[in-house]
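Accompanying notes for the structure given below.
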Amino acid sequence: MSATAERSARGASPILLLLAALCFLLPFVGVSCNTAAGSAALGGALSQAGGSGLSGNSDAITRCVQALSGRDLATYTGVNLLTGSDPTTATDLPGCTGSTSSPAPSPAASSGAAIGVQALIVAAAILILIGILATALPGRLRPAVAGSAALVAAVLVAVNNAEVHTPILGRLTAGGGNTLSSLGVTGGIETFFNIHAAIGFTLVLLALAVAVAVNAVALAMGSAARLTTLPASPPGNPPPPPPPRA
(Lines give C-alpha, C1' and ligand atoms only; values in the text may rest on other atoms or scores of the structure.)
Protein backbone atom coordinates (compact mmCIF):
# COMPACT_ATOMS: atom_id res chain seq x y z
CA MET A 1 0.00 0.00 0.00
CA SER A 2 1.60 3.27 -1.12
CA ALA A 3 2.14 6.31 1.07
CA THR A 4 0.25 8.34 -1.54
CA ALA A 5 -2.87 6.20 -1.09
CA GLU A 6 -2.57 6.57 2.67
CA ARG A 7 -2.32 10.36 2.42
CA SER A 8 -5.31 10.48 0.07
CA ALA A 9 -7.47 8.48 2.45
CA ARG A 10 -6.32 10.61 5.37
CA GLY A 11 -6.98 13.88 3.52
CA ALA A 12 -10.53 12.90 2.56
CA SER A 13 -11.63 12.69 6.20
CA PRO A 14 -11.86 16.42 7.02
CA ILE A 15 -13.65 17.08 3.73
CA LEU A 16 -16.28 14.43 4.48
CA LEU A 17 -16.74 15.68 8.04
CA LEU A 18 -17.10 19.25 6.78
CA LEU A 19 -19.80 18.05 4.38
CA ALA A 20 -21.51 16.32 7.30
CA ALA A 21 -21.47 19.60 9.22
CA LEU A 22 -22.98 21.46 6.25
CA CYS A 23 -25.79 18.89 6.12
CA PHE A 24 -27.07 20.40 9.38
CA LEU A 25 -28.45 23.21 7.23
CA LEU A 26 -30.77 20.72 5.52
CA PRO A 27 -34.03 19.22 6.83
CA PHE A 28 -33.48 16.35 9.27
CA VAL A 29 -37.13 15.64 10.15
CA GLY A 30 -40.32 16.28 8.18
CA VAL A 31 -43.91 16.39 9.41
CA SER A 32 -46.57 15.61 6.84
CA CYS A 33 -50.30 14.96 6.94
CA ASN A 34 -51.64 11.42 6.92
CA THR A 35 -54.21 12.26 4.29
CA ALA A 36 -55.76 8.78 4.30
CA ALA A 37 -56.54 8.95 8.02
CA GLY A 38 -57.56 12.60 7.71
CA SER A 39 -59.98 11.96 4.86
CA ALA A 40 -61.60 9.05 6.69
CA ALA A 41 -61.98 11.02 9.93
CA LEU A 42 -63.31 14.14 8.25
CA GLY A 43 -65.68 12.08 6.13
CA GLY A 44 -67.17 10.60 9.29
CA ALA A 45 -67.44 14.02 10.88
CA LEU A 46 -69.19 15.43 7.81
CA SER A 47 -71.71 12.60 7.69
CA GLN A 48 -72.58 13.22 11.34
CA ALA A 49 -72.81 16.99 10.80
CA GLY A 50 -75.83 16.65 8.53
CA GLY A 51 -77.05 20.06 7.48
CA SER A 52 -74.71 22.06 9.68
CA GLY A 53 -72.29 24.65 8.39
CA LEU A 54 -69.55 22.08 8.57
CA SER A 55 -71.16 19.91 5.93
CA GLY A 56 -71.67 22.98 3.77
CA ASN A 57 -67.89 23.31 3.51
CA SER A 58 -67.26 19.69 2.64
CA ASP A 59 -65.80 20.58 -0.76
CA ALA A 60 -63.36 23.02 0.84
CA ILE A 61 -62.30 20.41 3.37
CA THR A 62 -61.80 17.80 0.65
CA ARG A 63 -59.69 20.19 -1.43
CA CYS A 64 -57.57 21.06 1.56
CA VAL A 65 -56.91 17.43 2.48
CA GLN A 66 -55.98 16.66 -1.13
CA ALA A 67 -53.62 19.65 -1.18
CA LEU A 68 -51.78 18.26 1.83
CA SER A 69 -50.91 14.98 0.12
CA GLY A 70 -47.16 14.59 -0.24
CA ARG A 71 -46.39 17.94 1.41
CA ASP A 72 -44.38 18.55 4.54
CA LEU A 73 -46.23 20.88 6.86
CA ALA A 74 -43.11 21.45 8.95
CA THR A 75 -39.43 20.67 8.51
CA TYR A 76 -36.82 20.61 11.25
CA THR A 77 -33.30 21.23 10.00
CA GLY A 78 -30.24 20.08 11.89
CA VAL A 79 -29.79 23.70 12.98
CA ASN A 80 -33.35 23.75 14.39
CA LEU A 81 -32.57 20.64 16.45
CA LEU A 82 -29.18 22.03 17.43
CA THR A 83 -30.44 25.41 18.61
CA GLY A 84 -34.04 24.65 19.56
CA SER A 85 -35.35 27.18 17.03
CA ASP A 86 -38.70 27.06 15.26
CA PRO A 87 -39.03 24.77 12.23
CA THR A 88 -39.96 25.94 8.76
CA THR A 89 -43.72 25.61 8.25
CA ALA A 90 -45.70 25.49 5.04
CA THR A 91 -47.94 28.45 4.34
CA ASP A 92 -50.54 29.32 1.71
CA LEU A 93 -51.13 25.74 0.62
CA PRO A 94 -53.23 25.61 -2.54
CA GLY A 95 -56.74 24.48 -1.67
CA CYS A 96 -56.44 25.40 2.02
CA THR A 97 -57.44 28.76 3.42
CA GLY A 98 -57.30 30.24 6.86
CA SER A 99 -60.42 32.29 6.45
CA THR A 100 -63.46 31.93 8.67
CA SER A 101 -65.48 30.75 5.71
CA SER A 102 -63.62 27.46 5.75
CA PRO A 103 -63.55 25.02 8.65
CA ALA A 104 -60.08 23.89 7.65
CA PRO A 105 -57.55 26.32 9.11
CA SER A 106 -54.03 26.53 7.84
CA PRO A 107 -52.37 23.26 8.95
CA ALA A 108 -49.05 25.05 9.33
CA ALA A 109 -50.43 26.88 12.32
CA SER A 110 -50.36 23.74 14.45
CA SER A 111 -48.01 21.42 12.59
CA GLY A 112 -44.68 22.69 13.78
CA ALA A 113 -43.15 24.34 16.80
CA ALA A 114 -39.76 24.44 18.45
CA ILE A 115 -39.01 21.31 20.45
CA GLY A 116 -35.99 22.63 22.30
CA VAL A 117 -32.30 21.90 21.99
CA GLN A 118 -31.62 18.24 21.24
CA ALA A 119 -28.67 17.13 23.36
CA LEU A 120 -27.75 14.21 21.10
CA ILE A 121 -27.51 16.47 18.07
CA VAL A 122 -25.35 18.92 20.03
CA ALA A 123 -23.03 16.05 21.00
CA ALA A 124 -22.92 14.84 17.38
CA ALA A 125 -21.99 18.31 16.15
CA ILE A 126 -19.19 18.55 18.74
CA LEU A 127 -17.84 15.16 17.67
CA ILE A 128 -17.88 16.20 14.01
CA LEU A 129 -15.85 19.28 14.96
CA ILE A 130 -13.42 17.09 16.91
CA GLY A 131 -13.06 14.87 13.85
CA ILE A 132 -12.23 17.88 11.68
CA LEU A 133 -9.69 19.21 14.19
CA ALA A 134 -8.11 15.75 14.43
CA THR A 135 -6.38 16.55 11.14
CA ALA A 136 -3.73 18.31 13.22
CA LEU A 137 -2.94 15.19 15.27
CA PRO A 138 0.20 13.17 14.50
CA GLY A 139 0.48 9.72 13.02
CA ARG A 140 -2.04 7.00 13.67
CA LEU A 141 -3.80 9.11 16.28
CA ARG A 142 -5.29 11.22 13.49
CA PRO A 143 -7.44 8.55 11.76
CA ALA A 144 -8.21 6.83 15.07
CA VAL A 145 -9.72 9.98 16.61
CA ALA A 146 -11.44 11.18 13.44
CA GLY A 147 -12.93 7.78 12.64
CA SER A 148 -14.14 7.20 16.19
CA ALA A 149 -15.69 10.67 16.35
CA ALA A 150 -17.49 10.12 13.05
CA LEU A 151 -18.81 6.73 14.14
CA VAL A 152 -20.20 7.94 17.47
CA ALA A 153 -21.67 11.05 15.79
CA ALA A 154 -23.52 8.87 13.28
CA VAL A 155 -24.97 6.75 16.08
CA LEU A 156 -26.12 9.84 18.00
CA VAL A 157 -27.80 11.34 14.93
CA ALA A 158 -29.64 8.08 14.23
CA VAL A 159 -30.80 7.72 17.85
CA ASN A 160 -31.96 11.32 17.98
CA ASN A 161 -33.98 10.86 14.80
CA ALA A 162 -35.88 8.04 16.48
CA GLU A 163 -36.39 9.85 19.78
CA VAL A 164 -37.40 13.22 18.35
CA HIS A 165 -40.84 11.88 17.37
CA THR A 166 -42.06 12.14 20.96
CA PRO A 167 -41.49 15.90 21.48
CA ILE A 168 -42.82 16.67 18.00
CA LEU A 169 -46.01 14.74 18.70
CA GLY A 170 -46.30 16.61 21.98
CA ARG A 171 -46.20 19.91 20.14
CA LEU A 172 -48.72 18.70 17.59
CA THR A 173 -51.10 17.60 20.31
CA ALA A 174 -50.77 20.90 22.15
CA GLY A 175 -51.28 22.98 19.02
CA GLY A 176 -53.85 20.99 17.06
CA GLY A 177 -56.16 19.30 19.55
CA ASN A 178 -58.65 22.16 19.55
CA THR A 179 -58.67 22.27 15.77
CA LEU A 180 -59.66 18.62 15.54
CA SER A 181 -62.36 19.06 18.17
CA SER A 182 -63.83 22.03 16.29
CA LEU A 183 -64.13 19.83 13.20
CA GLY A 184 -65.89 17.08 15.14
CA VAL A 185 -62.94 14.71 14.79
CA THR A 186 -62.05 12.50 17.73
CA GLY A 187 -58.89 10.51 18.34
CA GLY A 188 -55.23 11.19 18.95
CA ILE A 189 -53.65 13.78 16.72
CA GLU A 190 -50.66 11.50 16.11
CA THR A 191 -52.94 9.44 13.88
CA PHE A 192 -53.20 12.27 11.39
CA PHE A 193 -49.51 13.10 10.98
CA ASN A 194 -46.46 11.30 9.64
CA ILE A 195 -43.04 12.10 11.07
CA HIS A 196 -40.27 10.96 8.78
CA ALA A 197 -36.55 11.35 8.15
CA ALA A 198 -35.64 14.05 5.65
CA ILE A 199 -32.81 14.48 3.15
CA GLY A 200 -30.37 16.10 5.57
CA PHE A 201 -30.55 13.14 7.94
CA THR A 202 -29.78 10.72 5.11
CA LEU A 203 -26.89 12.77 3.76
CA VAL A 204 -25.24 13.36 7.13
CA LEU A 205 -25.31 9.64 7.89
CA LEU A 206 -23.86 8.90 4.45
CA ALA A 207 -21.03 11.43 4.90
CA LEU A 208 -20.23 10.12 8.37
CA ALA A 209 -20.28 6.48 7.24
CA VAL A 210 -17.84 7.22 4.42
CA ALA A 211 -15.65 9.19 6.84
CA VAL A 212 -15.53 6.17 9.16
CA ALA A 213 -14.54 3.91 6.26
CA VAL A 214 -11.90 6.32 4.98
CA ASN A 215 -10.30 6.68 8.39
CA ALA A 216 -10.35 2.92 8.90
CA VAL A 217 -8.52 2.51 5.58
CA ALA A 218 -5.99 5.21 6.52
CA LEU A 219 -5.40 3.51 9.88
CA ALA A 220 -4.93 0.13 8.22
CA MET A 221 -2.56 1.58 5.62
CA GLY A 222 -0.53 3.30 8.31
CA SER A 223 -0.24 0.07 10.25
CA ALA A 224 0.83 -1.85 7.14
CA ALA A 225 3.41 0.80 6.23
CA ARG A 226 4.77 0.74 9.78
CA LEU A 227 5.19 -3.03 9.66
CA THR A 228 7.06 -2.92 6.35
CA THR A 229 9.52 -0.32 7.66
CA LEU A 230 10.45 -2.21 10.84
CA PRO A 231 14.12 -3.38 10.83
CA ALA A 232 14.68 -7.06 10.27
CA SER A 233 15.33 -9.03 13.44
CA PRO A 234 18.94 -10.17 13.93
CA PRO A 235 19.56 -13.74 12.88
CA GLY A 236 19.95 -16.36 15.57
CA ASN A 237 23.16 -18.21 16.33
CA PRO A 238 24.18 -20.43 13.44
CA PRO A 239 23.87 -24.16 14.08
CA PRO A 240 27.06 -25.92 15.14
CA PRO A 241 29.05 -27.55 12.33
CA PRO A 242 28.63 -31.30 11.93
CA PRO A 243 31.33 -33.48 13.57
CA PRO A 244 34.13 -34.61 11.25
CA ARG A 245 33.84 -38.04 9.77
CA ALA A 246 36.27 -40.71 10.87
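Numbering starts fresh at 1 for the residues of each chain in the C-alpha coordinates, the chains themselves are lettered A, B, ... in the order given, and ligands are numbered from 1 as they appear.
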
Long-range neighbours of stretch 82-86 of chain A as a list of chain:residue names, 8 Å cut-off, only C-alpha atoms, 4 positions minimum in chain = A:Tyr76, A:Gly78, A:Gly112, A:Ala113, A:Ala114, A:Ile115, A:Gly116, A:Val117, A:Gln118, A:Ala119, A:Ile121, A:Val122

Near-A:Asn215 list (8 Å; only C-alpha atoms; drop same-chain fewer than 6 positions) as an MDAnalysis selection string | chainID A and resid 9:10 13 143:144 146:147

Spatial neighbours of A:Ala12, max dist 10 Å, only C-alpha atoms, sep filter under 4 positions, as an NGL selection string = :A and (7-8 or 16-17 or 210-211 or 214-215 or 218)

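Across A:Ala134, A:Val29, A:Ile126, A:Leu141, the tightest approach to A:Thr202 is made by A:Val29 when counting only C-alpha atoms.
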
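Proximity to A:Ala74 at 6 Å, evaluated using only C-alpha atoms and with sequence-adjacent residues fewer than 2 positions away removed, yields A:Gly30, A:Val31, A:Asp72, A:Thr88, A:Thr89, A:Gly112.
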
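With distances taken over only C-alpha atoms, A:Ala21 is the one residue among A:Ala21, A:Leu133, A:Arg71, A:Arg142 lying closest to A:Ala154.
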
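The spacing separating atom CA of A:Leu203 from atom CA of A:Cys23 amounts to 6.6 Å.
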
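Taking atom CA of A:Phe24 and atom CA of A:Leu208 as endpoints, the distance between them is 12.4 Å.
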
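Atom to atom, atom CA of A:Thr191 and atom CA of A:Asn34 stand 7.3 Å apart.
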
Write out as JSON, numbers by chain all residues of stretch 107-222 of chain A that DSSP puts in helix (DSSP H, G or I) for this structure's backbone.
-> {"A": [108, 109, 110, 111, 119, 120, 121, 122, 123, 124, 125, 126, 127, 128, 129, 130, 131, 132, 133, 134, 135, 136, 141, 142, 143, 144, 145, 146, 147, 148, 149, 150, 151, 152, 153, 154, 155, 156, 157, 158, 159, 160, 161, 162, 163, 165, 166, 167, 168, 169, 170, 171, 172, 173, 174, 175, 176, 177, 178, 179, 180, 181, 182, 189, 190, 191, 192, 199, 200, 201, 202, 203, 204, 205, 206, 207, 208, 209, 210, 211, 212, 213, 214, 215, 216, 217, 218, 219, 220, 221, 222]}
